[in-house]
Amino acid sequence: MPSLTTQAPSRPRTRPRLTALAPTALAVLIAAAAVAVHRATGQFWWDLAAYRTGASAAAGGDGTLYDVAVRGTDGIELGFTYPPFAALLFQPLAYVGPDLAIAVWTFASVLALVAVVQVTRRSAAPTADRRTLPALVATVVALPMFAVSGHLQAGQVGLFLVLIVLVDLTGDPRRWWYGLGVGVAAGFKLTPLIFVLFLLATGRIRAAATAVAGFLATVAVGFAWRPADSAQFWGGTLLDSSRVTGDPRTILNQSLHGALARLADSADVSTVWLPVAALVAAAGIVLAAWCVRRGEHLLGVLACAATGLLVSPVSWHHHWVWVVPALVLLVDRARPTGNRTVLAVAGAVWLVLVATTAWVLVGIQGRDLHFQGLGLLYSNLYVLIGLAALGYLPFYLRRGRRP
């Protein structure tokens with residue numbers, strides 16, 4: 001006899017689906033807010049404006065890419081400082097207005113930030129919980145940090161490059177294209193080239209060669225597309241530091257070069273900076289390779305990134321978005337064991353990175369070049385964090401256990 005009992009129809013599990021859509025909703029909200037702020041103030045997103053200006057110049061023909069500039073409301077002119085290959089990828093920006101460009105760019109940047117968190121968590125603990133909610137929470141927590149908020153406010157490209165490098169270097173090293181992401185990212189912006197040294201130091205010769213080949217391919221594409229602009233850039237424009245910053249002492253330049261310039265209160269510190277940068281570069285790459293030998297591959301990638309930020313002639317505050325995967329790794333390692341000391345360190349670093357938003361006011365008030373006393377500590381916080389992190393690595397690696 002068939003059973004007369006009936007079962008209630010199962011309800012669709014909507015909560016996981018809504019959670020999965022949450023990053024997109026967050027990106028839409030932040031993009032809408034960005035457009036509203038731009039319309040109300042006419043301020044910010046000057047780097048994105050420079051990308052659009054360069055893309056428009058390149059779209060009009062060859063030979064003018066590095067002759068155009070956009071003038072901000074502060075009177076500072078921003079020219080295009082990337083290789084022609086980047087201008088090629090920026091071409092869609094030449095055909096849209098500023099509001100649409102800001103909306104799309106901000107939307108994509110927030111999604112890239114979520115992806116950086118997810119890739120970091122996957123690499124840090126492959127068997128850990130991969131639900132969307134923890135990554136979303138980490139993303140929201142990361143947003144107030146000046147490295148992130150300043151990145152979004154400027155309309156920068158760094159988050160995309162961090163994501164490309166992370167996906168490439170935390171993937172399966174047996175893939176034939178392992179290292180290609182590093183080369184393509186370097187073809188867009190030269191700073192990722194330091195990861196070629198990382199690959200060489202860790203014995204991944206083929207991956208290093210793949211990265212170099214990918215980089216050279218981007219150069220070749222640039223020459224094929226805009227030969228005159230390519231000849232100008234690779235013939236000397238890339239070495240013109242005045243196109244990047246008028247004075248390395250500015251507080252927003254968080255590199256060793258900037259720190260030494262602020263300490264000496266002089267824009268010309270090359271005789272000191274070059275040997276110091278070479279020493280830090282060598283030590284940083286050695287430490288990164290040591291991390292890999294101890295099975296800490298992601299930590300090695302982050303050590304290399306910190307080294308690159310320190311030794312670069314100019315490392316703007318938004319270049320330090322690498323702190324996002326670093327803090328995610330730190331917290332993910334400390335949470336399962338409840339290590340309060342490590343969590344407290346992560347919280348303190350987060351507070352410092354949020355508080356440095358005040359550097360915007362320092363710059364607006366024209367007090368970002370000359371510092372004394374505690375002002376020197378205040379103006380070099382990112383550099384000190386980077387040096388402290390690298391300095392701690394030997395003690396951590398010697399102990400042979402996770403924090």
# chains A, B, ... in the order shown; residues from 1 in each chain; ligands from 1
>>> closest_atom_pairs(of="region 44-157 of chain A", to="region 323-326 of chain A", cutoff="8 Å", atoms="only C-alpha atoms", output="Markdown table")
| residue | atom | partner | partner_atom | distance |
| --- | --- | --- | --- | --- |
| A:Val116 | CA | A:Pro325 | CA | 6.8 |
| A:Val117 | CA | A:Pro325 | CA | 6.2 |
| A:Thr120 | CA | A:Pro325 | CA | 5.7 |
| A:Ala142 | CA | A:Val324 | CA | 6.7 |
| A:Ala147 | CA | A:Val323 | CA | 8.0 |
>>> residues_around(residues="Asn380 (chain A)", least_positions_apart="4", cutoff="12 Å", atoms="only C-alpha atoms", output="PyMOL selection string")
chain A and resi 249-263+310+315-317+352-353+356+359+368-369+371-376+384-387
>>> write_last_selection(atoms="N, CA, C and O atoms", output="short mmCIF file (atom, residue, chain, number, x, y, z; two decimals), in the first residue's frame")
data_model
loop_
_atom_site.label_atom_id
_atom_site.label_comp_id
_atom_site.auth_asym_id
_atom_site.auth_seq_id
_atom_site.Cartn_x
_atom_site.Cartn_y
_atom_site.Cartn_z
N ARG A 249 61.00 62.92 -2.33
CA ARG A 249 60.77 63.08 -0.90
C ARG A 249 59.29 63.03 -0.52
O ARG A 249 58.97 62.90 0.66
N THR A 250 58.40 63.14 -1.48
CA THR A 250 56.98 63.15 -1.16
C THR A 250 56.60 61.94 -0.30
O THR A 250 57.07 60.83 -0.52
N ILE A 251 55.75 62.16 0.66
CA ILE A 251 55.38 61.11 1.61
C ILE A 251 54.70 59.94 0.94
O ILE A 251 54.69 58.82 1.46
N LEU A 252 54.11 60.16 -0.23
CA LEU A 252 53.41 59.09 -0.94
C LEU A 252 54.38 58.14 -1.64
O LEU A 252 53.96 57.10 -2.12
N ASN A 253 55.66 58.49 -1.70
CA ASN A 253 56.67 57.61 -2.26
C ASN A 253 57.26 56.76 -1.15
O ASN A 253 58.19 57.15 -0.46
N GLN A 254 56.71 55.56 -0.97
CA GLN A 254 57.12 54.70 0.14
C GLN A 254 58.10 53.63 -0.35
O GLN A 254 57.83 52.43 -0.33
N SER A 255 59.26 54.11 -0.80
CA SER A 255 60.37 53.22 -1.17
C SER A 255 61.59 53.64 -0.37
O SER A 255 61.61 54.69 0.29
N LEU A 256 62.63 52.82 -0.44
CA LEU A 256 63.89 53.19 0.22
C LEU A 256 64.42 54.51 -0.32
O LEU A 256 64.97 55.33 0.44
N HIS A 257 64.27 54.70 -1.63
CA HIS A 257 64.72 55.95 -2.23
C HIS A 257 64.01 57.14 -1.60
O HIS A 257 64.63 58.14 -1.22
N GLY A 258 62.69 57.02 -1.47
CA GLY A 258 61.93 58.10 -0.85
C GLY A 258 62.30 58.29 0.61
O GLY A 258 62.42 59.42 1.09
N ALA A 259 62.48 57.19 1.34
CA ALA A 259 62.82 57.28 2.77
C ALA A 259 64.17 57.95 2.98
O ALA A 259 64.32 58.83 3.84
N LEU A 260 65.15 57.56 2.19
CA LEU A 260 66.47 58.16 2.31
C LEU A 260 66.45 59.64 1.92
O LEU A 260 67.14 60.46 2.54
N ALA A 261 65.64 59.96 0.92
CA ALA A 261 65.53 61.36 0.52
C ALA A 261 64.89 62.19 1.63
O ALA A 261 65.30 63.34 1.88
N ARG A 262 63.92 61.62 2.32
CA ARG A 262 63.30 62.35 3.43
C ARG A 262 64.26 62.47 4.61
O ARG A 262 64.30 63.50 5.29
N LEU A 263 65.02 61.41 4.87
CA LEU A 263 66.00 61.47 5.96
C LEU A 263 67.06 62.53 5.71
O LEU A 263 67.45 63.27 6.62
N LEU A 310 60.45 47.97 -1.90
CA LEU A 310 61.48 48.72 -1.18
C LEU A 310 62.55 49.27 -2.13
O LEU A 310 62.99 50.42 -1.97
N SER A 315 57.81 53.94 -5.15
CA SER A 315 56.74 53.01 -4.81
C SER A 315 55.62 53.82 -4.16
O SER A 315 55.69 54.17 -2.98
N TRP A 316 54.64 54.16 -4.97
CA TRP A 316 53.52 54.93 -4.45
C TRP A 316 52.75 54.13 -3.41
O TRP A 316 52.81 52.90 -3.37
N HIS A 317 52.00 54.84 -2.59
CA HIS A 317 51.21 54.17 -1.54
C HIS A 317 50.33 53.07 -2.10
O HIS A 317 50.17 52.02 -1.50
N VAL A 352 47.65 50.93 11.16
CA VAL A 352 48.62 51.86 10.58
C VAL A 352 48.26 52.16 9.12
O VAL A 352 48.28 53.31 8.68
N LEU A 353 47.91 51.12 8.38
CA LEU A 353 47.60 51.29 6.97
C LEU A 353 46.31 52.09 6.76
O LEU A 353 46.17 52.79 5.77
N THR A 356 47.13 55.92 7.69
CA THR A 356 47.94 56.68 6.74
C THR A 356 47.11 57.38 5.67
O THR A 356 47.66 58.11 4.84
N TRP A 359 47.73 60.95 5.04
CA TRP A 359 48.77 61.46 4.16
C TRP A 359 48.18 62.31 3.03
O TRP A 359 48.85 63.18 2.49
N ASP A 368 54.47 67.70 2.55
CA ASP A 368 54.86 66.31 2.35
C ASP A 368 56.31 66.14 1.91
O ASP A 368 56.68 65.09 1.42
N LEU A 369 57.14 67.17 2.09
CA LEU A 369 58.53 67.07 1.64
C LEU A 369 59.55 67.18 2.78
O LEU A 369 60.62 66.60 2.69
N PHE A 371 60.50 66.70 6.75
CA PHE A 371 60.07 66.08 8.00
C PHE A 371 61.24 66.05 8.99
O PHE A 371 62.40 65.91 8.59
N GLN A 372 60.90 66.17 10.27
CA GLN A 372 61.90 66.10 11.32
C GLN A 372 61.35 65.31 12.50
O GLN A 372 60.13 65.19 12.67
N GLY A 373 62.24 64.78 13.32
CA GLY A 373 61.83 64.08 14.53
C GLY A 373 60.89 62.93 14.24
O GLY A 373 61.13 62.09 13.37
N LEU A 374 59.76 62.90 14.97
CA LEU A 374 58.78 61.84 14.79
C LEU A 374 58.15 61.88 13.40
O LEU A 374 57.62 60.87 12.93
N GLY A 375 58.23 63.03 12.76
CA GLY A 375 57.70 63.15 11.41
C GLY A 375 58.42 62.21 10.44
O GLY A 375 57.82 61.72 9.48
N LEU A 376 59.70 61.95 10.70
CA LEU A 376 60.44 61.01 9.85
C LEU A 376 59.93 59.59 10.04
O LEU A 376 59.87 58.81 9.08
N LEU A 384 59.20 51.04 6.80
CA LEU A 384 59.57 50.39 8.06
C LEU A 384 58.84 49.06 8.22
O LEU A 384 59.43 48.07 8.71
N ILE A 385 57.57 49.01 7.82
CA ILE A 385 56.83 47.74 7.88
C ILE A 385 57.47 46.70 6.96
O ILE A 385 57.64 45.54 7.34
N GLY A 386 57.83 47.12 5.75
CA GLY A 386 58.46 46.21 4.81
C GLY A 386 59.79 45.69 5.32
O GLY A 386 60.08 44.48 5.23
N LEU A 387 60.61 46.58 5.86
CA LEU A 387 61.91 46.17 6.39
C LEU A 387 61.75 45.26 7.60
O LEU A 387 62.49 44.27 7.77
#
>>> residues_around(residues="Gly150 (chain A)", least_positions_apart="5", cutoff="10 Å", atoms="only C-alpha atoms", output="PDB file with all heavy atoms, in the first residue's frame")
ATOM      1  N   PHE A  44      39.882  63.604  -8.057  1.00  0.00           N
ATOM      2  CA  PHE A  44      40.360  62.221  -7.965  1.00  0.00           C
ATOM      3  C   PHE A  44      40.352  61.512  -9.333  1.00  0.00           C
ATOM      4  O   PHE A  44      40.065  62.092 -10.347  1.00  0.00           O
ATOM      5  CB  PHE A  44      39.550  61.441  -6.928  1.00  0.00           C
ATOM      6  CG  PHE A  44      39.351  62.173  -5.636  1.00  0.00           C
ATOM      7  CD1 PHE A  44      38.078  62.455  -5.156  1.00  0.00           C
ATOM      8  CD2 PHE A  44      40.438  62.609  -4.899  1.00  0.00           C
ATOM      9  CE1 PHE A  44      37.900  63.150  -3.965  1.00  0.00           C
ATOM     10  CE2 PHE A  44      40.271  63.295  -3.703  1.00  0.00           C
ATOM     11  CZ  PHE A  44      38.996  63.565  -3.242  1.00  0.00           C
ATOM     12  N   TRP A  45      40.734  60.232  -9.297  1.00  0.00           N
ATOM     13  CA  TRP A  45      40.830  59.380 -10.476  1.00  0.00           C
ATOM     14  C   TRP A  45      41.731  59.986 -11.561  1.00  0.00           C
ATOM     15  O   TRP A  45      41.491  59.822 -12.754  1.00  0.00           O
ATOM     16  CB  TRP A  45      39.435  59.074 -11.047  1.00  0.00           C
ATOM     17  CG  TRP A  45      38.677  58.187 -10.106  1.00  0.00           C
ATOM     18  CD1 TRP A  45      38.786  56.832  -9.999  1.00  0.00           C
ATOM     19  CD2 TRP A  45      37.749  58.599  -9.098  1.00  0.00           C
ATOM     20  NE1 TRP A  45      37.969  56.366  -8.981  1.00  0.00           N
ATOM     21  CE2 TRP A  45      37.323  57.434  -8.416  1.00  0.00           C
ATOM     22  CE3 TRP A  45      37.245  59.840  -8.707  1.00  0.00           C
ATOM     23  CZ2 TRP A  45      36.416  57.471  -7.370  1.00  0.00           C
ATOM     24  CZ3 TRP A  45      36.340  59.883  -7.651  1.00  0.00           C
ATOM     25  CH2 TRP A  45      35.938  58.708  -7.001  1.00  0.00           C
ATOM     26  N   LEU A 143      39.294  47.370   2.472  1.00  0.00           N
ATOM     27  CA  LEU A 143      38.945  48.600   1.750  1.00  0.00           C
ATOM     28  C   LEU A 143      39.432  49.892   2.429  1.00  0.00           C
ATOM     29  O   LEU A 143      39.886  50.804   1.733  1.00  0.00           O
ATOM     30  CB  LEU A 143      37.429  48.664   1.532  1.00  0.00           C
ATOM     31  CG  LEU A 143      36.869  47.730   0.451  1.00  0.00           C
ATOM     32  CD1 LEU A 143      35.341  47.726   0.488  1.00  0.00           C
ATOM     33  CD2 LEU A 143      37.374  48.152  -0.924  1.00  0.00           C
ATOM     34  N   PRO A 144      39.353  50.022   3.762  1.00  0.00           N
ATOM     35  CA  PRO A 144      39.790  51.292   4.371  1.00  0.00           C
ATOM     36  C   PRO A 144      41.296  51.514   4.371  1.00  0.00           C
ATOM     37  O   PRO A 144      41.754  52.633   4.631  1.00  0.00           O
ATOM     38  CB  PRO A 144      39.265  51.201   5.811  1.00  0.00           C
ATOM     39  CG  PRO A 144      38.318  50.058   5.836  1.00  0.00           C
ATOM     40  CD  PRO A 144      38.767  49.128   4.762  1.00  0.00           C
ATOM     41  N   MET A 145      42.091  50.463   4.145  1.00  0.00           N
ATOM     42  CA  MET A 145      43.542  50.646   4.139  1.00  0.00           C
ATOM     43  C   MET A 145      43.924  51.594   3.007  1.00  0.00           C
ATOM     44  O   MET A 145      43.438  51.467   1.880  1.00  0.00           O
ATOM     45  CB  MET A 145      44.261  49.305   3.984  1.00  0.00           C
ATOM     46  CG  MET A 145      44.066  48.370   5.155  1.00  0.00           C
ATOM     47  SD  MET A 145      45.160  46.915   5.109  1.00  0.00           S
ATOM     48  CE  MET A 145      44.615  46.097   3.621  1.00  0.00           C
ATOM     49  N   GLY A 155      42.259  55.284  -9.378  1.00  0.00           N
ATOM     50  CA  GLY A 155      41.948  54.528 -10.585  1.00  0.00           C
ATOM     51  C   GLY A 155      43.173  53.803 -11.098  1.00  0.00           C
ATOM     52  O   GLY A 155      43.446  53.776 -12.295  1.00  0.00           O
ATOM     53  N   GLN A 156      43.898  53.171 -10.176  1.00  0.00           N
ATOM     54  CA  GLN A 156      45.175  52.552 -10.523  1.00  0.00           C
ATOM     55  C   GLN A 156      45.008  51.134 -11.062  1.00  0.00           C
ATOM     56  O   GLN A 156      43.925  50.558 -11.053  1.00  0.00           O
ATOM     57  CB  GLN A 156      46.089  52.540  -9.293  1.00  0.00           C
ATOM     58  CG  GLN A 156      47.183  53.592  -9.325  1.00  0.00           C
ATOM     59  CD  GLN A 156      48.227  53.304 -10.389  1.00  0.00           C
ATOM     60  OE1 GLN A 156      48.514  52.169 -10.713  1.00  0.00           O
ATOM     61  NE2 GLN A 156      48.813  54.361 -10.922  1.00  0.00           N
ATOM     62  N   TRP A 316      54.638  54.156  -4.971  1.00  0.00           N
ATOM     63  CA  TRP A 316      53.523  54.935  -4.452  1.00  0.00           C
ATOM     64  C   TRP A 316      52.751  54.129  -3.410  1.00  0.00           C
ATOM     65  O   TRP A 316      52.813  52.900  -3.369  1.00  0.00           O
ATOM     66  CB  TRP A 316      52.584  55.358  -5.579  1.00  0.00           C
ATOM     67  CG  TRP A 316      53.197  56.276  -6.589  1.00  0.00           C
ATOM     68  CD1 TRP A 316      53.388  56.037  -7.909  1.00  0.00           C
ATOM     69  CD2 TRP A 316      53.714  57.598  -6.347  1.00  0.00           C
ATOM     70  NE1 TRP A 316      53.979  57.118  -8.515  1.00  0.00           N
ATOM     71  CE2 TRP A 316      54.197  58.094  -7.584  1.00  0.00           C
ATOM     72  CE3 TRP A 316      53.813  58.411  -5.215  1.00  0.00           C
ATOM     73  CZ2 TRP A 316      54.765  59.348  -7.718  1.00  0.00           C
ATOM     74  CZ3 TRP A 316      54.375  59.667  -5.344  1.00  0.00           C
ATOM     75  CH2 TRP A 316      54.845  60.125  -6.565  1.00  0.00           C
ATOM     76  N   HIS A 317      51.995  54.835  -2.590  1.00  0.00           N
ATOM     77  CA  HIS A 317      51.213  54.172  -1.536  1.00  0.00           C
ATOM     78  C   HIS A 317      50.332  53.067  -2.102  1.00  0.00           C
ATOM     79  O   HIS A 317      50.174  52.016  -1.497  1.00  0.00           O
ATOM     80  CB  HIS A 317      50.348  55.204  -0.809  1.00  0.00           C
ATOM     81  CG  HIS A 317      49.404  55.955  -1.709  1.00  0.00           C
ATOM     82  ND1 HIS A 317      49.846  56.861  -2.644  1.00  0.00           N
ATOM     83  CD2 HIS A 317      48.063  55.915  -1.843  1.00  0.00           C
ATOM     84  CE1 HIS A 317      48.806  57.355  -3.312  1.00  0.00           C
ATOM     85  NE2 HIS A 317      47.709  56.789  -2.839  1.00  0.00           N
ATOM     86  N   HIS A 318      49.764  53.287  -3.307  1.00  0.00           N
ATOM     87  CA  HIS A 318      48.864  52.277  -3.872  1.00  0.00           C
ATOM     88  C   HIS A 318      49.615  51.080  -4.434  1.00  0.00           C
ATOM     89  O   HIS A 318      49.005  50.042  -4.698  1.00  0.00           O
ATOM     90  CB  HIS A 318      47.965  52.894  -4.944  1.00  0.00           C
ATOM     91  CG  HIS A 318      48.695  53.721  -5.960  1.00  0.00           C
ATOM     92  ND1 HIS A 318      49.480  53.164  -6.946  1.00  0.00           N
ATOM     93  CD2 HIS A 318      48.741  55.067  -6.139  1.00  0.00           C
ATOM     94  CE1 HIS A 318      49.983  54.137  -7.696  1.00  0.00           C
ATOM     95  NE2 HIS A 318      49.553  55.298  -7.229  1.00  0.00           N
ATOM     96  N   HIS A 319      50.945  51.179  -4.603  1.00  0.00           N
ATOM     97  CA  HIS A 319      51.716  49.996  -4.990  1.00  0.00           C
ATOM     98  C   HIS A 319      51.732  48.966  -3.864  1.00  0.00           C
ATOM     99  O   HIS A 319      51.942  47.777  -4.113  1.00  0.00           O
ATOM    100  CB  HIS A 319      53.159  50.386  -5.322  1.00  0.00           C
ATOM    101  CG  HIS A 319      53.283  51.202  -6.566  1.00  0.00           C
ATOM    102  ND1 HIS A 319      54.493  51.736  -6.990  1.00  0.00           N
ATOM    103  CD2 HIS A 319      52.375  51.596  -7.489  1.00  0.00           C
ATOM    104  CE1 HIS A 319      54.311  52.420  -8.113  1.00  0.00           C
ATOM    105  NE2 HIS A 319      53.022  52.334  -8.426  1.00  0.00           N
ATOM    106  N   VAL A 321      49.487  47.571  -2.315  1.00  0.00           N
ATOM    107  CA  VAL A 321      48.326  46.677  -2.202  1.00  0.00           C
ATOM    108  C   VAL A 321      48.765  45.237  -1.939  1.00  0.00           C
ATOM    109  O   VAL A 321      47.932  44.383  -1.605  1.00  0.00           O
ATOM    110  CB  VAL A 321      47.431  46.742  -3.462  1.00  0.00           C
ATOM    111  CG1 VAL A 321      46.668  48.044  -3.512  1.00  0.00           C
ATOM    112  CG2 VAL A 321      48.246  46.532  -4.724  1.00  0.00           C
ATOM    113  N   THR A 357      45.798  57.180   5.700  1.00  0.00           N
ATOM    114  CA  THR A 357      44.924  57.961   4.825  1.00  0.00           C
ATOM    115  C   THR A 357      45.134  59.447   5.061  1.00  0.00           C
ATOM    116  O   THR A 357      44.924  60.271   4.160  1.00  0.00           O
ATOM    117  CB  THR A 357      43.449  57.580   5.066  1.00  0.00           C
ATOM    118  OG1 THR A 357      43.305  56.169   4.892  1.00  0.00           O
ATOM    119  CG2 THR A 357      42.528  58.285   4.094  1.00  0.00           C
ATOM    120  N   VAL A 360      46.919  62.064   2.687  1.00  0.00           N
ATOM    121  CA  VAL A 360      46.261  62.879   1.663  1.00  0.00           C
ATOM    122  C   VAL A 360      46.212  64.334   2.122  1.00  0.00           C
ATOM    123  O   VAL A 360      46.517  65.261   1.366  1.00  0.00           O
ATOM    124  CB  VAL A 360      44.840  62.362   1.377  1.00  0.00           C
ATOM    125  CG1 VAL A 360      44.097  63.308   0.442  1.00  0.00           C
ATOM    126  CG2 VAL A 360      44.900  60.973   0.770  1.00  0.00           C
TER     127      VAL A 360
END
>>> residues_around(residues="Gly391 (chain A)", least_positions_apart="6", cutoff="10 Å", atoms="only C-alpha atoms", output="list in words")
Ala283, Gly284, Leu287 and Ile385 of chain A
>>> atom_distance(atom1="CA of Val345 (chain A)", atom2="CA of Leu279 (chain A)")
26.8 Å
>>> atom_distance(atom1="CA of Arg52 (chain A)", atom2="CA of Phe90 (chain A)")
7.2 Å
>>> closest_residue(among="A:Val292, A:Ala25, A:Ala277, A:Val286", to="Arg204 (chain A)", atoms="only C-alpha atoms")
A:Val292
>>> select_by_dssp(residues="region 43-238 of chain A", states="helix (DSSP H, G or I)", output="JSON, numbers by chain")
{"A": [46, 47, 48, 49, 50, 51, 52, 53, 54, 55, 56, 57, 58, 59, 84, 85, 86, 87, 88, 89, 91, 92, 93, 94, 95, 98, 99, 100, 101, 102, 103, 104, 105, 106, 107, 108, 109, 110, 111, 112, 113, 114, 115, 116, 117, 118, 119, 120, 121, 122, 123, 124, 132, 133, 134, 135, 136, 137, 138, 139, 140, 141, 142, 146, 147, 148, 149, 150, 151, 152, 153, 154, 158, 159, 160, 161, 162, 163, 164, 165, 166, 167, 168, 169, 180, 181, 182, 183, 184, 185, 186, 187, 188, 191, 192, 193, 194, 195, 196, 197, 198, 199, 200, 201, 205, 206, 207, 208, 209, 210, 211, 212, 213, 214, 215, 216, 217, 218, 219, 220, 221, 222, 223, 224, 225, 227, 228, 229, 230, 231, 232, 233, 234, 237, 238]}
>>> closest_residue(among="A:Ala334, A:Val383, A:Ala33, A:Val165", to="Ser312 (chain A)", atoms="only C-alpha atoms")
A:Val383
>>> residues_around(residues="region 37-41 of chain A", least_positions_apart="2", cutoff="10 Å", atoms="only C-alpha atoms", output="list in words")
Ala31, Ala32, Ala33, Ala34, Val35, Gln43, Phe44, Trp45, Pro98, Asp99, Ile102 and Gln153 of chain A
